[in-house]
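Note: the block below is data.pdb and it holds PDB, C-alpha atoms.
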ATOM      1  CA  MET A   1     -39.316   3.601 -90.366
ATOM      2  CA  THR A   2     -42.353   5.234 -88.762
ATOM      3  CA  SER A   3     -44.916   2.987 -87.079
ATOM      4  CA  ILE A   4     -48.530   2.783 -88.238
ATOM      5  CA  SER A   5     -49.737   4.633 -85.132
ATOM      6  CA  GLN A   6     -47.137   7.386 -85.525
ATOM      7  CA  GLN A   7     -48.091   7.855 -89.159
ATOM      8  CA  PHE A   8     -51.757   8.341 -88.275
ATOM      9  CA  GLN A   9     -50.858  10.727 -85.434
ATOM     10  CA  THR A  10     -48.884  12.861 -87.885
ATOM     11  CA  LEU A  11     -51.693  12.807 -90.448
ATOM     12  CA  ARG A  12     -54.309  13.717 -87.845
ATOM     13  CA  SER A  13     -52.217  16.661 -86.674
ATOM     14  CA  ARG A  14     -52.283  17.870 -90.285
ATOM     15  CA  GLN A  15     -56.004  17.018 -90.657
ATOM     16  CA  GLN A  16     -55.147  14.650 -93.495
ATOM     17  CA  CYS A  17     -56.760  11.408 -94.574
ATOM     18  CA  ALA A  18     -54.359   8.533 -95.292
ATOM     19  CA  LEU A  19     -54.101   7.010 -98.743
ATOM     20  CA  ILE A  20     -53.329   3.275 -98.453
ATOM     21  CA  PRO A  21     -52.741   1.490-101.778
ATOM     22  CA  PHE A  22     -52.627  -2.324-101.949
ATOM     23  CA  ILE A  23     -50.606  -4.371-104.417
ATOM     24  CA  THR A  24     -49.907  -8.114-104.658
ATOM     25  CA  ALA A  25     -46.266  -9.099-104.226
ATOM     26  CA  GLY A  26     -44.779 -10.838-107.250
ATOM     27  CA  ASP A  27     -47.307  -9.682-109.819
ATOM     28  CA  PRO A  28     -46.159  -9.282-112.532
ATOM     29  CA  ASP A  29     -42.782 -10.100-110.908
ATOM     30  CA  LEU A  30     -40.810  -9.259-107.772
ATOM     31  CA  ALA A  31     -38.590  -6.665-109.462
ATOM     32  CA  THR A  32     -41.677  -4.732-110.575
ATOM     33  CA  THR A  33     -43.155  -5.020-107.081
ATOM     34  CA  ALA A  34     -39.996  -3.405-105.674
ATOM     35  CA  GLU A  35     -40.319  -0.552-108.171
ATOM     36  CA  ALA A  36     -44.055  -0.256-107.527
ATOM     37  CA  LEU A  37     -43.513   0.218-103.786
ATOM     38  CA  GLN A  38     -41.164   3.097-104.509
ATOM     39  CA  VAL A  39     -43.511   4.619-107.097
ATOM     40  CA  LEU A  40     -46.397   4.567-104.612
ATOM     41  CA  ASP A  41     -44.185   5.997-101.883
ATOM     42  CA  ARG A  42     -43.087   8.888-104.108
ATOM     43  CA  ASN A  43     -46.598   9.692-105.296
ATOM     44  CA  GLY A  44     -48.616  10.129-102.140
ATOM     45  CA  ALA A  45     -49.066   6.769-100.412
ATOM     46  CA  ASP A  46     -49.118   7.273 -96.645
ATOM     47  CA  LEU A  47     -49.011   3.554 -95.889
ATOM     48  CA  ILE A  48     -48.770   0.602 -98.299
ATOM     49  CA  GLU A  49     -50.457  -2.789 -98.026
ATOM     50  CA  LEU A  50     -48.475  -5.604 -99.595
ATOM     51  CA  GLY A  51     -50.395  -8.798-100.237
ATOM     52  CA  VAL A  52     -48.595 -12.136 -99.913
ATOM     53  CA  PRO A  53     -49.775 -14.503-102.695
ATOM     54  CA  TYR A  54     -51.917 -17.276-101.226
ATOM     55  CA  SER A  55     -53.733 -20.192-102.838
ATOM     56  CA  ASP A  56     -57.059 -19.764-100.965
ATOM     57  CA  PRO A  57     -57.580 -15.989-100.609
ATOM     58  CA  LEU A  58     -61.096 -16.040 -99.141
ATOM     59  CA  ALA A  59     -61.386 -12.262 -98.734
ATOM     60  CA  ASP A  60     -60.127 -11.377-102.210
ATOM     61  CA  GLY A  61     -62.196 -10.788-105.312
ATOM     62  CA  PRO A  62     -61.357 -11.896-108.884
ATOM     63  CA  VAL A  63     -58.752  -9.208-109.636
ATOM     64  CA  ILE A  64     -56.574  -9.872-106.588
ATOM     65  CA  GLN A  65     -57.162 -13.635-106.772
ATOM     66  CA  ALA A  66     -55.880 -13.606-110.352
ATOM     67  CA  ALA A  67     -52.827 -11.566-109.328
ATOM     68  CA  ALA A  68     -52.041 -14.036-106.530
ATOM     69  CA  THR A  69     -52.436 -16.968-108.910
ATOM     70  CA  ARG A  70     -50.047 -15.399-111.431
ATOM     71  CA  ALA A  71     -47.472 -14.778-108.701
ATOM     72  CA  LEU A  72     -47.772 -18.312-107.333
ATOM     73  CA  LYS A  73     -47.317 -19.782-110.814
ATOM     74  CA  LYS A  74     -44.004 -17.927-110.969
ATOM     75  CA  GLY A  75     -42.964 -19.535-107.692
ATOM     76  CA  VAL A  76     -43.243 -16.432-105.523
ATOM     77  CA  ASN A  77     -43.192 -17.390-101.839
ATOM     78  CA  LEU A  78     -43.119 -15.716 -98.438
ATOM     79  CA  GLU A  79     -39.316 -15.835 -98.144
ATOM     80  CA  GLN A  80     -38.922 -13.941-101.408
ATOM     81  CA  VAL A  81     -41.513 -11.381-100.395
ATOM     82  CA  LEU A  82     -39.766 -10.699 -97.089
ATOM     83  CA  LYS A  83     -36.375 -10.358 -98.807
ATOM     84  CA  LEU A  84     -37.966  -7.835-101.134
ATOM     85  CA  VAL A  85     -39.367  -5.844 -98.198
ATOM     86  CA  GLU A  86     -35.968  -5.938 -96.480
ATOM     87  CA  SER A  87     -34.282  -4.485 -99.557
ATOM     88  CA  VAL A  88     -36.831  -1.744-100.220
ATOM     89  CA  SER A  89     -38.228  -0.661 -96.854
ATOM     90  CA  PRO A  90     -35.171   1.408 -95.741
ATOM     91  CA  ASN A  91     -35.835   3.744 -98.693
ATOM     92  CA  LEU A  92     -39.568   4.186 -98.074
ATOM     93  CA  GLN A  93     -41.359   6.853 -96.049
ATOM     94  CA  ALA A  94     -44.651   4.922 -96.016
ATOM     95  CA  PRO A  95     -44.819   2.067 -93.478
ATOM     96  CA  ILE A  96     -45.418  -1.385 -94.983
ATOM     97  CA  ILE A  97     -48.461  -3.406 -93.883
ATOM     98  CA  LEU A  98     -48.280  -7.091 -94.774
ATOM     99  CA  PHE A  99     -51.613  -8.637 -95.844
ATOM    100  CA  THR A 100     -51.607 -12.398 -95.404
ATOM    101  CA  TYR A 101     -53.793 -15.252 -94.240
ATOM    102  CA  TYR A 102     -53.575 -17.158 -90.956
ATOM    103  CA  ASN A 103     -52.413 -20.519 -92.297
ATOM    104  CA  PRO A 104     -48.956 -19.360 -93.514
ATOM    105  CA  ILE A 105     -48.409 -17.771 -90.090
ATOM    106  CA  LEU A 106     -49.351 -20.952 -88.243
ATOM    107  CA  ASN A 107     -47.164 -23.058 -90.523
ATOM    108  CA  ARG A 108     -44.107 -20.977 -89.672
ATOM    109  CA  GLY A 109     -45.026 -20.476 -86.030
ATOM    110  CA  ILE A 110     -46.498 -17.229 -84.762
ATOM    111  CA  LYS A 111     -43.448 -16.039 -82.836
ATOM    112  CA  PRO A 112     -40.851 -16.772 -85.573
ATOM    113  CA  PHE A 113     -43.164 -15.210 -88.154
ATOM    114  CA  MET A 114     -43.544 -11.997 -86.168
ATOM    115  CA  GLU A 115     -39.844 -11.747 -85.460
ATOM    116  CA  GLN A 116     -38.935 -12.239 -89.101
ATOM    117  CA  ILE A 117     -41.384  -9.733 -90.553
ATOM    118  CA  SER A 118     -40.300  -7.191 -87.934
ATOM    119  CA  GLN A 119     -36.642  -7.695 -88.799
ATOM    120  CA  VAL A 120     -37.231  -6.980 -92.497
ATOM    121  CA  GLY A 121     -39.113  -3.753 -91.768
ATOM    122  CA  VAL A 122     -42.810  -4.672 -91.796
ATOM    123  CA  LYS A 123     -44.718  -2.348 -89.455
ATOM    124  CA  GLY A 124     -48.276  -3.648 -89.662
ATOM    125  CA  LEU A 125     -50.174  -6.854 -90.313
ATOM    126  CA  VAL A 126     -53.660  -7.611 -91.663
ATOM    127  CA  VAL A 127     -54.930 -11.193 -91.320
ATOM    128  CA  PRO A 128     -58.473 -11.196 -92.767
ATOM    129  CA  ASP A 129     -59.361 -14.712 -91.579
ATOM    130  CA  LEU A 130     -58.214 -14.129 -87.998
ATOM    131  CA  PRO A 131     -61.256 -14.214 -85.654
ATOM    132  CA  ILE A 132     -61.082 -11.700 -82.819
ATOM    133  CA  ASP A 133     -61.913 -14.518 -80.397
ATOM    134  CA  GLU A 134     -58.704 -16.363 -81.351
ATOM    135  CA  SER A 135     -56.404 -13.375 -81.749
ATOM    136  CA  ALA A 136     -54.865 -13.144 -78.251
ATOM    137  CA  GLU A 137     -51.664 -15.118 -78.914
ATOM    138  CA  LEU A 138     -51.024 -13.466 -82.262
ATOM    139  CA  LEU A 139     -51.576  -9.988 -80.812
ATOM    140  CA  GLU A 140     -49.231 -10.724 -77.926
ATOM    141  CA  MET A 141     -46.459 -12.055 -80.177
ATOM    142  CA  ALA A 142     -46.878  -9.168 -82.603
ATOM    143  CA  ALA A 143     -46.631  -6.612 -79.817
ATOM    144  CA  SER A 144     -43.421  -8.256 -78.563
ATOM    145  CA  ALA A 145     -41.971  -7.961 -82.072
ATOM    146  CA  GLY A 146     -43.100  -4.353 -82.554
ATOM    147  CA  VAL A 147     -45.674  -5.165 -85.249
ATOM    148  CA  GLU A 148     -49.150  -3.597 -85.103
ATOM    149  CA  VAL A 149     -52.059  -5.882 -86.025
ATOM    150  CA  ILE A 150     -54.969  -4.161 -87.768
ATOM    151  CA  LEU A 151     -58.289  -5.917 -87.127
ATOM    152  CA  LEU A 152     -61.289  -5.844 -89.445
ATOM    153  CA  VAL A 153     -64.857  -4.725 -88.775
ATOM    154  CA  ALA A 154     -67.424  -6.177 -91.190
ATOM    155  CA  PRO A 155     -70.759  -4.587 -92.193
ATOM    156  CA  THR A 156     -72.426  -7.409 -90.280
ATOM    157  CA  SER A 157     -70.427  -6.950 -87.052
ATOM    158  CA  SER A 158     -72.558  -6.401 -83.960
ATOM    159  CA  LYS A 159     -71.982  -3.430 -81.656
ATOM    160  CA  GLU A 160     -70.514  -5.736 -79.020
ATOM    161  CA  ARG A 161     -68.096  -7.200 -81.542
ATOM    162  CA  ILE A 162     -67.104  -3.777 -82.864
ATOM    163  CA  GLU A 163     -66.303  -2.715 -79.305
ATOM    164  CA  LYS A 164     -64.031  -5.755 -78.866
ATOM    165  CA  ILE A 165     -62.282  -5.160 -82.183
ATOM    166  CA  ALA A 166     -61.861  -1.446 -81.516
ATOM    167  CA  GLN A 167     -60.294  -2.179 -78.166
ATOM    168  CA  LYS A 168     -57.755  -4.657 -79.542
ATOM    169  CA  SER A 169     -56.948  -3.312 -83.013
ATOM    170  CA  GLN A 170     -53.580  -1.603 -83.309
ATOM    171  CA  GLY A 171     -52.533   1.218 -85.608
ATOM    172  CA  PHE A 172     -56.020   1.668 -87.003
ATOM    173  CA  ILE A 173     -59.288  -0.219 -87.456
ATOM    174  CA  TYR A 174     -60.049  -1.647 -90.897
ATOM    175  CA  LEU A 175     -63.712  -1.051 -91.794
ATOM    176  CA  VAL A 176     -64.816  -3.346 -94.631
ATOM    177  CA  SER A 177     -67.251  -1.378 -96.783
ATOM    178  CA  VAL A 178     -69.127  -4.303 -98.341
ATOM    179  CA  THR A 179     -70.491  -7.712 -97.433
ATOM    180  CA  GLY A 180     -68.302  -9.815 -99.688
ATOM    181  CA  VAL A 181     -64.841  -9.839-101.180
ATOM    182  CA  THR A 182     -62.507  -7.133-102.479
ATOM    183  CA  GLY A 183     -63.128  -5.620-105.888
ATOM    184  CA  VAL A 184     -64.197  -2.534-107.765
ATOM    185  CA  ARG A 185     -67.787  -1.378-107.070
ATOM    186  CA  SER A 186     -69.792   1.248-108.939
ATOM    187  CA  GLN A 187     -70.623   3.017-105.679
ATOM    188  CA  VAL A 188     -69.834   2.890-101.986
ATOM    189  CA  GLN A 189     -72.675   1.645 -99.803
ATOM    190  CA  GLY A 190     -74.333   4.337 -97.706
ATOM    191  CA  LYS A 191     -74.076   2.008 -94.743
ATOM    192  CA  VAL A 192     -70.384   2.932 -94.540
ATOM    193  CA  LYS A 193     -71.361   6.407 -93.356
ATOM    194  CA  ASP A 194     -73.603   4.912 -90.654
ATOM    195  CA  SER A 195     -70.855   2.479 -89.631
ATOM    196  CA  LEU A 196     -68.314   5.289 -89.314
ATOM    197  CA  GLU A 197     -70.706   7.300 -87.148
ATOM    198  CA  GLN A 198     -71.404   4.259 -84.983
ATOM    199  CA  MET A 199     -67.712   3.495 -84.564
ATOM    200  CA  ARG A 200     -66.939   7.117 -83.668
ATOM    201  CA  GLN A 201     -69.181   6.700 -80.632
ATOM    202  CA  ILE A 202     -67.096   3.708 -79.565
ATOM    203  CA  THR A 203     -63.481   4.620 -80.307
ATOM    204  CA  ASP A 204     -61.164   7.478 -81.167
ATOM    205  CA  LYS A 205     -58.720   5.173 -82.955
ATOM    206  CA  PRO A 206     -58.160   5.894 -86.653
ATOM    207  CA  ILE A 207     -60.535   4.098 -89.034
ATOM    208  CA  GLY A 208     -59.498   3.033 -92.530
ATOM    209  CA  VAL A 209     -62.159   2.018 -95.048
ATOM    210  CA  GLY A 210     -61.429  -0.597 -97.707
ATOM    211  CA  PHE A 211     -62.999  -3.106-100.134
ATOM    212  CA  GLY A 212     -64.822  -1.646-103.124
ATOM    213  CA  ILE A 213     -63.165   1.778-103.365
ATOM    214  CA  SER A 214     -61.546   2.445-106.732
ATOM    215  CA  SER A 215     -62.174   6.013-107.915
ATOM    216  CA  SER A 216     -61.224   9.478-106.700
ATOM    217  CA  GLU A 217     -64.937  10.309-106.305
ATOM    218  CA  GLN A 218     -65.484   7.342-103.997
ATOM    219  CA  ALA A 219     -62.328   8.112-102.031
ATOM    220  CA  ARG A 220     -63.402  11.742-101.528
ATOM    221  CA  GLN A 221     -66.887  10.653-100.472
ATOM    222  CA  VAL A 222     -65.593   8.246 -97.819
ATOM    223  CA  LYS A 223     -63.094  10.831 -96.585
ATOM    224  CA  ASP A 224     -65.927  13.361 -96.256
ATOM    225  CA  TRP A 225     -67.893  10.800 -94.210
ATOM    226  CA  GLY A 226     -65.078  10.918 -91.677
ATOM    227  CA  ALA A 227     -62.682   8.089 -92.526
ATOM    228  CA  ASP A 228     -59.069   8.497 -91.425
ATOM    229  CA  GLY A 229     -57.777   6.310 -94.233
ATOM    230  CA  ILE A 230     -58.830   5.049 -97.664
ATOM    231  CA  ILE A 231     -57.625   1.610 -98.777
ATOM    232  CA  VAL A 232     -57.648   0.908-102.516
ATOM    233  CA  GLY A 233     -56.639  -2.532-103.786
ATOM    234  CA  SER A 234     -58.130  -3.990-106.951
ATOM    235  CA  ALA A 235     -57.835  -0.750-108.934
ATOM    236  CA  PHE A 236     -54.067  -0.637-108.270
ATOM    237  CA  VAL A 237     -53.601  -4.362-108.921
ATOM    238  CA  LYS A 238     -55.491  -4.084-112.210
ATOM    239  CA  ARG A 239     -53.436  -1.126-113.425
ATOM    240  CA  LEU A 240     -50.162  -2.766-112.447
ATOM    241  CA  ALA A 241     -51.104  -5.847-114.496
ATOM    242  CA  GLN A 242     -51.120  -3.975-117.822
ATOM    243  CA  ASP A 243     -49.259  -5.271-120.882
ATOM    244  CA  THR A 244     -45.772  -4.276-119.746
ATOM    245  CA  PRO A 245     -44.302  -3.524-116.307
ATOM    246  CA  SER A 246     -43.462  -0.021-117.503
ATOM    247  CA  GLU A 247     -47.092   0.661-118.446
ATOM    248  CA  GLY A 248     -48.230  -0.827-115.159
ATOM    249  CA  LEU A 249     -45.941   1.398-113.139
ATOM    250  CA  GLN A 250     -47.120   4.459-115.050
ATOM    251  CA  GLY A 251     -50.704   3.377-114.385
ATOM    252  CA  ILE A 252     -50.314   3.126-110.618
ATOM    253  CA  GLU A 253     -48.361   6.387-110.530
ATOM    254  CA  SER A 254     -51.207   8.343-112.077
ATOM    255  CA  LEU A 255     -53.858   6.563-109.962
ATOM    256  CA  CYS A 256     -51.933   7.263-106.770
ATOM    257  CA  GLN A 257     -51.691  10.948-107.651
ATOM    258  CA  GLU A 258     -55.424  11.137-108.472
ATOM    259  CA  LEU A 259     -56.463   9.476-105.217
ATOM    260  CA  LYS A 260     -54.045  11.538-103.139
ATOM    261  CA  ALA A 261     -55.516  14.714-104.577
ATOM    262  CA  ALA A 262     -59.024  13.424-103.825
ATOM    263  CA  VAL A 263     -58.356  12.857-100.116
ATOM    264  CA  ALA A 264     -56.248  15.987 -99.628
ATOM    265  CA  PRO A 265     -57.639  18.652 -97.264
ATOM    266  CA  GLU A 266     -59.753  21.363 -98.842
ATOM    267  CA  LYS A 267     -57.685  24.485 -99.498
ATOM    268  CA  GLN A 268     -58.671  27.451 -97.393
ATOM    269  CA  VAL A 269     -59.798  30.462 -99.385
ATOM    270  CA  VAL A 270     -58.152  33.596 -98.036
ATOM    271  CA  SER A 271     -60.131  36.744 -98.656
ATOM    272  CA  ALA A 272     -58.317  39.878 -99.727
TER     273      ALA A 272
END
Let me see the file written as structure tokens.
Amino acid sequence: MTSISQQFQTLRSRQQCALIPFITAGDPDLATTAEALQVLDRNGADLIELGVPYSDPLADGPVIQAAATRALKKGVNLEQVLKLVESVSPNLQAPIILFTYYNPILNRGIKPFMEQISQVGVKGLVVPDLPIDESAELLEMAASAGVEVILLVAPTSSKERIEKIAQKSQGFIYLVSVTGVTGVRSQVQGKVKDSLEQMRQITDKPIGVGFGISSSEQARQVKDWGADGIIVGSAFVKRLAQDTPSEGLQGIESLCQELKAAVAPEKQVVSA
């Protein structure tokens, strides 16, 4: 499977913005998650974030917290999630990015964790509670295993901190659009545009914007501000949690198509 960096190189050569949906593994069940990954892959996802259910998801808002709680109540654990990725990833074009917290990694051991997720086909890793100042060992072990670690820039990050994060982040840089947790917002803060412009003066690495983006209008706006990728989580998780798995899968299929169309390059008008 293509790496995160290779995927962004290909998209940049085509002047395309990446669509990066997020879903929570095991909600409503693991079989539906496997189908959902394939639905997203077929309908325009360029990369896919897969959240591992966790009991204390500090960065997640109510929608994703509820999804994680439902999955945990069904007994979904990391081993099951990795088996699922191993079974599905060979059939996907979109690289899988695992979204998990630091404690499960430490419990398993950083090196064994990296080796295992690499073996099942995970290409990228987001650890929202990993401080840049304590990331050296994890970054080293991930690089040895061939996994790219995407680091987060917050709206409150100083210029010095952004420079550090930009230097060390792999694959792309994750720009958090709001001060707070994930979740649908009525509009994207204008500060995102300023942050993108500031980061462009620091790095030429791809920048993906997430937290708070849910509609095609918001996705198009952030793309037009210069983002290389749009990450949408709660809107997908909410649609997938509809009354039946079939309805949920239909819901994320249509949302993926809408968002993909929104971030697609403008068609050139050819005069006669």
Starting from the displayed file, determine the output of the PyMOL selection byres ((chain A and resi 200) around 12) and express the residue list as a ChimeraX atom specification. /A:159,162-163,166,173,175,193-199,201-207,225-228
Which is closest to A:Ile165 among A:Ala31, A:Asp133, A:Val88, A:Val63, if we use all atoms listed in the file? A:Asp133
For atom CA of A:Ile97 and atom CA of A:Val122, determine how far apart the two atoms are, in Å to one decimal place.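 One can read the atom CA of A:Ile97 to atom CA of A:Val122 distance as 6.2 Å.
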Using atom CA of A:Leu37 and atom CA of A:Gln119 as the two end points, give the distance in Å to one decimal. 18.3 Å
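The shortest atom-to-atom distance to A:Leu130, with only C-alpha atoms taken into account, belongs to A:Ala59 out of A:Pro95, A:Ala59, A:Lys191, A:Leu72.
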Using only C-alpha atoms, find the one residue out of A:Val237, A:Leu30, A:Val126, A:Val176 that sits nearest to A:Val85.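 The closest residue to A:Val85 is A:Leu30.
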Given all atoms listed in the file as the basis, pick out the residue of A:Thr2, A:Leu58, A:Ile231, A:Asn103 nearest to A:Lys123.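 Closest candidate: A:Thr2.
For the atom pair formed by atom CA of A:Gly171 and atom CA of A:Thr100, the distance is 16.8 Å, given to one decimal.
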